[in-house]
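Structure file run.tsv (TSV, C-alpha atoms and all ligand atoms) follows.
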```tsv
chain	number	residue	atom	x	y	z
A	1	MET	CA	40.97	-176.07	40.13
A	2	THR	CA	39.27	-173.90	37.50
A	3	SER	CA	36.34	-174.75	35.31
A	4	ILE	CA	35.47	-173.63	31.82
A	5	LYS	CA	31.91	-172.71	30.99
A	6	HIS	CA	30.85	-172.04	27.39
A	7	HIS	CA	27.47	-170.36	27.80
A	8	PRO	CA	25.76	-167.93	30.17
A	9	THR	CA	22.84	-169.21	32.26
A	10	VAL	CA	19.63	-167.19	32.50
A	11	THR	CA	16.80	-168.09	34.89
A	12	LEU	CA	13.50	-166.28	35.15
A	13	ILE	CA	12.84	-165.99	38.88
A	14	GLN	CA	9.64	-163.95	38.99
A	15	HIS	CA	7.36	-161.97	36.74
A	16	ALA	CA	4.31	-159.76	37.10
A	17	GLY	CA	1.87	-158.32	34.57
A	18	GLY	CA	1.01	-159.53	31.11
A	19	ASP	CA	-0.82	-158.54	27.94
A	20	THR	CA	-4.07	-157.71	29.74
A	21	MET	CA	-2.24	-155.28	32.02
A	22	VAL	CA	-0.79	-153.52	28.95
A	23	ALA	CA	-4.33	-153.09	27.60
A	24	ALA	CA	-5.62	-151.95	31.01
A	25	ALA	CA	-2.86	-149.35	31.30
A	26	ALA	CA	-3.84	-147.95	27.90
A	27	LYS	CA	-7.58	-148.08	28.57
A	28	VAL	CA	-7.47	-146.00	31.75
A	29	SER	CA	-7.12	-142.94	29.55
A	30	THR	CA	-10.56	-143.47	27.99
A	31	THR	CA	-12.45	-145.53	30.60
A	32	GLY	CA	-11.06	-144.32	33.92
A	33	ASP	CA	-12.06	-146.51	36.87
A	34	GLU	CA	-13.47	-149.24	34.58
A	35	ALA	CA	-9.91	-150.09	33.54
A	36	ARG	CA	-9.42	-151.66	36.98
A	37	SER	CA	-11.26	-154.80	35.94
A	38	LEU	CA	-8.79	-156.94	34.03
A	39	GLU	CA	-11.44	-159.63	33.75
A	40	ARG	CA	-13.79	-157.28	31.95
A	41	ILE	CA	-11.04	-156.15	29.60
A	42	GLU	CA	-10.40	-159.78	28.69
A	43	GLU	CA	-14.12	-160.38	28.12
A	44	GLU	CA	-14.38	-157.34	25.86
A	45	GLY	CA	-11.57	-158.71	23.67
A	46	GLY	CA	-9.56	-156.70	21.17
A	47	ILE	CA	-6.40	-156.80	23.32
A	48	SER	CA	-4.25	-158.03	20.48
A	49	GLY	CA	-5.31	-155.22	18.12
A	50	LEU	CA	-4.88	-152.61	20.83
A	51	ILE	CA	-1.38	-153.82	21.63
A	52	ARG	CA	-0.44	-153.78	17.95
A	53	TYR	CA	-1.75	-150.22	17.70
A	54	LEU	CA	0.23	-149.10	20.76
A	55	MET	CA	3.38	-150.71	19.42
A	56	ARG	CA	3.03	-149.22	15.95
A	57	HIS	CA	2.28	-145.72	17.21
A	58	ARG	CA	4.96	-145.84	19.91
A	59	HIS	CA	2.64	-145.43	22.86
A	60	GLY	CA	5.27	-146.95	25.11
A	61	SER	CA	4.25	-146.32	28.70
A	62	PRO	CA	1.52	-149.04	28.89
A	63	PHE	CA	4.33	-151.54	28.35
A	64	GLU	CA	6.03	-150.41	31.55
A	65	HIS	CA	3.43	-151.94	33.92
A	66	GLY	CA	5.07	-155.30	34.30
A	67	MET	CA	8.35	-156.80	35.37
A	68	MET	CA	10.59	-159.79	35.00
A	69	THR	CA	13.44	-160.70	37.33
A	70	PHE	CA	16.23	-162.84	35.93
A	71	PHE	CA	19.20	-164.45	37.63
A	72	ILE	CA	22.12	-164.43	35.24
A	73	HIS	CA	25.44	-166.22	35.47
A	74	ALA	CA	27.68	-164.85	32.75
A	75	PRO	CA	31.22	-163.64	32.07
A	76	ILE	CA	32.07	-160.13	33.30
A	77	PHE	CA	32.25	-158.85	29.71
A	78	VAL	CA	28.63	-159.89	29.11
A	79	ILE	CA	27.33	-158.38	32.35
A	80	ARG	CA	29.23	-155.21	31.54
A	81	GLU	CA	27.39	-154.96	28.20
A	82	LEU	CA	24.07	-155.78	29.81
A	83	GLN	CA	24.48	-153.11	32.46
A	84	ARG	CA	24.66	-150.47	29.75
A	85	HIS	CA	20.88	-150.90	29.59
A	86	ARG	CA	20.10	-148.30	32.24
A	87	ILE	CA	16.35	-148.82	32.40
A	88	ALA	CA	16.63	-151.91	34.58
A	89	SER	CA	17.66	-152.73	38.15
A	90	TYR	CA	20.81	-154.68	38.88
A	91	ASN	CA	22.53	-156.33	41.81
A	92	GLU	CA	25.77	-158.16	41.21
A	93	GLU	CA	28.06	-160.43	43.15
A	94	SER	CA	30.84	-158.40	44.78
A	95	GLY	CA	34.49	-158.94	44.01
A	96	ARG	CA	35.29	-156.97	47.19
A	97	TYR	CA	33.22	-158.89	49.72
A	98	LYS	CA	33.65	-162.39	48.38
A	99	GLN	CA	36.19	-164.40	46.47
A	100	LEU	CA	35.04	-164.89	42.89
A	101	GLU	CA	34.59	-168.49	41.77
A	102	PRO	CA	37.12	-170.06	39.40
A	103	VAL	CA	34.68	-170.32	36.49
A	104	PHE	CA	35.90	-168.90	33.19
A	105	TRP	CA	34.43	-168.45	29.76
A	106	SER	CA	35.81	-169.99	26.62
A	107	PRO	CA	34.09	-170.62	23.28
A	108	ASP	CA	33.08	-174.18	22.51
A	109	ASP	CA	34.09	-175.78	19.23
A	110	GLU	CA	30.87	-174.65	17.51
A	111	ARG	CA	31.29	-170.96	18.29
A	112	PRO	CA	32.22	-169.10	15.08
A	113	LEU	CA	35.27	-166.99	15.90
A	114	ALA	CA	37.29	-166.37	12.75
A	115	LYS	CA	36.70	-163.00	11.11
A	116	THR	CA	35.07	-163.45	7.72
A	117	GLU	CA	36.53	-161.98	4.55
A	118	GLY	CA	35.69	-158.28	4.25
A	119	TYR	CA	35.12	-158.09	8.03
A	120	LYS	CA	33.83	-154.70	9.19
A	121	PRO	CA	33.85	-153.67	12.88
A	122	SER	CA	30.42	-152.11	12.41
A	123	ARG	CA	29.00	-155.38	11.05
A	124	PRO	CA	31.19	-158.07	12.57
A	125	THR	CA	30.63	-161.54	11.17
A	126	PHE	CA	32.48	-164.72	12.04
A	127	GLU	CA	32.83	-168.21	10.67
A	128	ALA	CA	34.01	-171.47	12.21
A	129	GLY	CA	37.66	-171.33	13.20
A	130	THR	CA	40.40	-173.64	12.02
A	131	THR	CA	41.54	-176.56	14.17
A	132	GLU	CA	44.70	-174.55	14.93
A	133	GLN	CA	42.67	-171.58	16.14
A	134	TYR	CA	40.57	-173.72	18.50
A	135	GLU	CA	43.75	-175.44	19.75
A	136	LEU	CA	45.35	-172.08	20.43
A	137	ILE	CA	42.35	-171.07	22.49
A	138	ARG	CA	42.43	-174.31	24.49
A	139	LYS	CA	46.14	-173.78	25.15
A	140	HIS	CA	45.54	-170.25	26.39
A	141	ASP	CA	42.62	-171.35	28.56
A	142	GLU	CA	45.28	-172.87	30.82
A	143	ILE	CA	46.38	-169.33	31.71
A	144	TYR	CA	43.12	-169.01	33.65
A	145	LEU	CA	44.46	-171.58	36.14
A	146	GLN	CA	47.74	-169.68	36.64
A	147	ILE	CA	45.86	-166.43	37.13
A	148	TYR	CA	43.43	-167.95	39.61
A	149	GLU	CA	46.29	-169.49	41.59
A	150	ALA	CA	47.96	-166.06	41.82
A	151	TYR	CA	44.62	-164.54	42.90
A	152	GLU	CA	44.18	-167.16	45.63
A	153	GLU	CA	47.80	-166.79	46.74
A	154	GLU	CA	47.34	-163.07	47.31
A	155	ILE	CA	44.12	-163.62	49.25
A	156	ALA	CA	45.85	-166.33	51.34
A	157	ALA	CA	48.65	-163.82	52.03
A	158	GLY	CA	46.07	-161.49	53.59
A	159	ILE	CA	45.70	-159.13	50.63
A	160	GLY	CA	42.15	-157.79	50.22
A	161	ASN	CA	39.87	-159.35	47.60
A	162	GLU	CA	39.42	-155.87	46.14
A	163	VAL	CA	43.13	-155.68	45.32
A	164	ALA	CA	43.63	-159.32	44.28
A	165	ARG	CA	40.73	-159.13	41.84
A	166	ARG	CA	42.74	-156.87	39.51
A	167	LEU	CA	44.23	-160.10	38.19
A	168	LEU	CA	40.95	-161.60	37.05
A	169	PRO	CA	40.11	-161.28	33.35
A	170	VAL	CA	36.76	-160.28	31.85
A	171	GLY	CA	36.13	-163.95	31.00
A	172	THR	CA	35.53	-164.64	34.72
A	173	PHE	CA	31.91	-165.56	35.48
A	174	THR	CA	29.86	-163.39	37.80
A	175	SER	CA	26.24	-163.54	38.98
A	176	CYS	CA	23.71	-160.82	38.71
A	177	TRP	CA	20.03	-160.04	39.33
A	178	VAL	CA	18.26	-158.07	36.63
A	179	THR	CA	14.74	-156.72	36.95
A	180	ILE	CA	13.31	-155.10	33.86
A	181	ASN	CA	9.95	-153.98	32.47
A	182	PRO	CA	8.64	-155.19	29.07
A	183	ARG	CA	9.25	-151.88	27.31
A	184	SER	CA	12.89	-151.79	28.30
A	185	LEU	CA	13.26	-155.49	27.62
A	186	MET	CA	12.08	-154.96	24.02
A	187	ASN	CA	14.84	-152.37	23.68
A	188	VAL	CA	17.35	-154.96	24.90
A	189	LEU	CA	15.96	-157.58	22.49
A	190	SER	CA	16.11	-155.25	19.51
A	191	LEU	CA	19.74	-154.34	20.23
A	192	ARG	CA	21.13	-157.60	21.54
A	193	ILE	CA	19.71	-160.12	19.06
A	194	HIS	CA	20.79	-160.30	15.47
A	195	ASP	CA	17.90	-160.71	13.03
A	196	ALA	CA	18.63	-159.98	9.38
A	197	GLY	CA	14.92	-159.21	8.88
A	198	ALA	CA	14.68	-156.62	11.65
A	199	LYS	CA	13.97	-152.98	10.81
A	200	ALA	CA	17.23	-151.97	12.46
A	201	VAL	CA	19.65	-154.88	12.22
A	202	SER	CA	22.00	-155.17	15.18
A	203	TYR	CA	25.28	-157.09	15.48
A	204	PRO	CA	25.67	-158.02	19.14
A	205	GLN	CA	28.33	-160.29	20.55
A	206	ARG	CA	27.14	-163.90	20.51
A	207	GLU	CA	27.25	-164.30	24.31
A	208	ILE	CA	25.00	-161.34	25.20
A	209	GLU	CA	22.76	-162.54	22.38
A	210	GLU	CA	22.42	-165.86	24.21
A	211	VAL	CA	21.32	-163.95	27.32
A	212	ALA	CA	18.83	-161.91	25.29
A	213	GLN	CA	17.46	-165.02	23.56
A	214	ALA	CA	16.72	-166.65	26.92
A	215	MET	CA	15.03	-163.45	28.06
A	216	GLU	CA	12.98	-163.35	24.86
A	217	THR	CA	11.77	-166.92	25.40
A	218	ALA	CA	10.45	-165.94	28.86
A	219	PHE	CA	8.95	-162.74	27.50
A	220	ALA	CA	7.16	-164.54	24.65
A	221	GLN	CA	5.73	-167.04	27.14
A	222	HIS	CA	4.27	-164.45	29.51
A	223	TRP	CA	3.47	-161.59	27.08
A	224	PRO	CA	2.55	-163.54	23.89
A	225	LEU	CA	0.50	-160.76	22.26
A	226	THR	CA	3.05	-158.06	23.06
A	227	HIS	CA	5.82	-160.27	21.78
A	228	ALA	CA	3.92	-160.99	18.55
A	229	ALA	CA	3.34	-157.24	18.05
A	230	PHE	CA	7.04	-156.57	18.67
A	231	LEU	CA	7.95	-159.08	15.95
A	232	LYS	CA	5.34	-157.64	13.58
A	233	ASN	CA	6.84	-154.21	14.19
A	234	GLY	CA	10.21	-155.41	12.90
A	235	ARG	CA	11.64	-156.00	16.38
A	236	VAL	CA	11.34	-152.32	17.23
A	237	GLY	CA	9.84	-151.61	20.63
A	238	PRO	CA	7.59	-148.64	21.35
A	301	LIG	C1	25.95	-153.89	18.86
A	301	LIG	C2	26.23	-152.90	19.95
A	301	LIG	C3	27.49	-152.34	20.06
A	301	LIG	C4	27.77	-151.42	21.09
A	301	LIG	N1	29.02	-150.90	21.18
A	301	LIG	C5	29.31	-150.01	22.17
A	301	LIG	C6	30.62	-149.46	22.30
A	301	LIG	O1	31.51	-149.76	21.54
A	301	LIG	N2	30.86	-148.58	23.31
A	301	LIG	C7	29.87	-148.22	24.18
A	301	LIG	O2	30.12	-147.41	25.07
A	301	LIG	N3	28.62	-148.73	24.09
A	301	LIG	C8	28.33	-149.61	23.12
A	301	LIG	N4	27.07	-150.14	23.03
A	301	LIG	C9	26.08	-149.80	24.06
A	301	LIG	C10	25.02	-148.81	23.52
A	301	LIG	O3	25.61	-147.57	23.17
A	301	LIG	C11	23.95	-148.56	24.61
A	301	LIG	O4	24.57	-148.00	25.75
A	301	LIG	C12	23.25	-149.84	25.01
A	301	LIG	O5	22.86	-150.56	23.88
A	301	LIG	C13	22.03	-149.49	25.87
A	301	LIG	O6	21.04	-148.98	25.04
A	301	LIG	P1	20.01	-147.86	25.52
A	301	LIG	O7	20.72	-146.61	25.91
A	301	LIG	O8	18.98	-147.74	24.43
A	301	LIG	O9	19.35	-148.58	26.78
A	301	LIG	P2	18.89	-147.95	28.17
A	301	LIG	O10	20.03	-147.33	28.87
A	301	LIG	O11	18.14	-149.05	28.87
A	301	LIG	O12	17.91	-146.81	27.77
A	301	LIG	C14	16.63	-147.11	27.21
A	301	LIG	C15	16.14	-145.86	26.50
A	301	LIG	O13	15.92	-144.83	27.47
A	301	LIG	C16	16.31	-143.58	26.93
A	301	LIG	N5	17.41	-143.04	27.72
A	301	LIG	C17	18.07	-143.66	28.73
A	301	LIG	N6	19.01	-142.85	29.26
A	301	LIG	C18	18.95	-141.70	28.54
A	301	LIG	C19	19.67	-140.49	28.59
A	301	LIG	N7	20.68	-140.27	29.44
A	301	LIG	N8	19.36	-139.53	27.72
A	301	LIG	C20	18.36	-139.69	26.83
A	301	LIG	N9	17.63	-140.83	26.72
A	301	LIG	C21	17.93	-141.82	27.57
A	301	LIG	C22	16.70	-143.83	25.47
A	301	LIG	O14	15.56	-143.69	24.66
A	301	LIG	C23	17.12	-145.29	25.49
A	301	LIG	O15	17.01	-145.93	24.24
A	301	LIG	C24	26.76	-151.05	22.02
A	301	LIG	C25	25.49	-151.63	21.88
A	301	LIG	C26	25.21	-152.54	20.88
A	301	LIG	C27	23.84	-153.14	20.78
```
What does the file become when written as structure tokens?
Ligand SMILES: Cc1cc2nc3c(=O)[nH]c(=O)nc-3n(C[C@H](O)[C@H](O)[C@H](O)COP(=O)(O)OP(=O)(O)OC[C@H]3O[C@@H](n4cnc5c(N)ncnc54)[C@H](O)[C@@H]3O)c2cc1C
Amino acid sequence: MTSIKHHPTVTLIQHAGGDTMVAAAAKVSTTGDEARSLERIEEEGGISGLIRYLMRHRHGSPFEHGMMTFFIHAPIFVIRELQRHRIASYNEESGRYKQLEPVFWSPDDERPLAKTEGYKPSRPTFEAGTTEQYELIRKHDEIYLQIYEAYEEEIAAGIGNEVARRLLPVGTFTSCWVTINPRSLMNVLSLRIHDAGAKAVSYPQREIEEVAQAMETAFAQHWPLTHAAFLKNGRVGP
């Protein structure tokens, strides 16, 4: 039995740091030991302006004193894109040591998938597909079941998972831990979310964009001033 899943799942598991820590990291350069008191920094105020200044002038290292750990369940092709972001720590489910679950990605009926007129690979844009296109996809989704049966048959015949997994397509879901600092996360958000108003407009695949959007929601909640400065800076991190 296989199941189809349309969207990745992203869960924030833990986080440390926040806007005050960004300010404290910057202030150590001018106040030394005094920068240890986060309470005092909050009382003094001016954190928002300082963060905006750091962002604008690309003083990036103060934004590295924090972390977020996410648990992500996404198709292999999404995790593969995500892992290109080297300034983060990853641990992923093994296709050698365990049998991968029969969960496969397919677009739902709302996912635009038909290339628009004048389509350019450098600026890919899609519109809603025709009924025939969605039907074709549903028909081909059944291939997942055949593939998974072949995968299980090989494993049942004593063939190693590491060999049987060659059959599994990139639409297979996998699970992964990602731990990332705010500076690197802003780099992910600027590259993996499409915003026509951004200083450098990116055209990511919709599914990694969904991952990035969930990460951005968590980031905005725990680093509201940093997030606001990132937006004000045209979605360009320091
Ligand atoms: C829309 C889109 C399409 C893409 N298409 C492709 C594709 O077709 N093929 C493909 O291979 N990749 C593709 N990528 C991946 C892209 O090239 C980057 O690998 C990915 O976005 C990670 O970005 P990054 O290097 O800035 O992130 P990180 O690896 O997290 O690095 C963060 C920053 O650290 C610095 N840094 C890290 N490592 C080095 C280094 N070795 N040398 C110098 N500075 C370093 C850089 O300033 C970098 O911006 C695509 C990305 C996007 C957003």
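Residue nearest Lys98 of chain A within the list A:Val22, A:Ile155, A:Leu113, A:Leu231: A:Ile155 [criterion: smallest interatomic distance, all atoms listed in the file].
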Worksheet item: Once you count all atoms listed in the file, which residues end up no further than 12 Å from (-1.8, -153.1, 15.0) in the file's frame, shown as a list in words?
Response: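 It turns out the residues near that spot are Gly46, Ile47, Ser48, Gly49, Leu50, Ile51, Arg52, Tyr53, Leu54, Met55, Arg56, His57, Arg58, His59, Leu225, Thr226, Ala228, Ala229, Phe230, Leu231, Lys232 and Asn233 of chain A.
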Discussion item. Using only C-alpha atoms and all ligand atoms, which residues of the polymer chains come no farther than 6 Å from ligand LIG 301 (chain A)? I'd like the answer as a PyMOL selection string.
Written reply: chain A and resi 84-87+184+191-192+202-204
Close residues, segment 139-143 of chain A itself excluded, 9 Å, all atoms listed in the file, min 2 positions apart in chain, as a tab-separated table (two decimals) with C-alpha atoms, keeping the file's coordinate frame:
```tsv
chain	number	residue	atom	x	y	z
A	4	ILE	CA	35.47	-173.63	31.82
A	104	PHE	CA	35.90	-168.90	33.19
A	105	TRP	CA	34.43	-168.45	29.76
A	106	SER	CA	35.81	-169.99	26.62
A	134	TYR	CA	40.57	-173.72	18.50
A	135	GLU	CA	43.75	-175.44	19.75
A	136	LEU	CA	45.35	-172.08	20.43
A	137	ILE	CA	42.35	-171.07	22.49
A	145	LEU	CA	44.46	-171.58	36.14
A	146	GLN	CA	47.74	-169.68	36.64
A	147	ILE	CA	45.86	-166.43	37.13
A	148	TYR	CA	43.43	-167.95	39.61
```
Worksheet item: So which residues fall inside 8 Å of (-4.0, -157.4, 29.9) if we count only C-alpha atoms? Mind giving them as a ChimeraX atom specification?
Response: /A:17-24,38,41-42,47
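Across the structure, atom CA of Pro224 of chain A and atom CA of Asn91 of chain A are spaced 27.8 Å apart.
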Discussion item. With distances taken over only C-alpha atoms, which residue among A:Ala157, A:Leu12, A:Ala164, A:Val170 lies nearest Pro75 of chain A?
Written reply: A:Val170
Fill in: Nearby residues (all atoms listed in the file) at most 10 Å from Asp109 of chain A, same-chain spacing under 6 positions excluded, as number ranges by chain
A: 6, 128-131, 134-135, 138
Worksheet item: What does the distance from atom CA of Leu167 of chain A to atom CA of Tyr151 of chain A come to in Å, to one decimal?
Response: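 Separation of atom CA of Leu167 of chain A and atom CA of Tyr151 of chain A: 6.5 Å.
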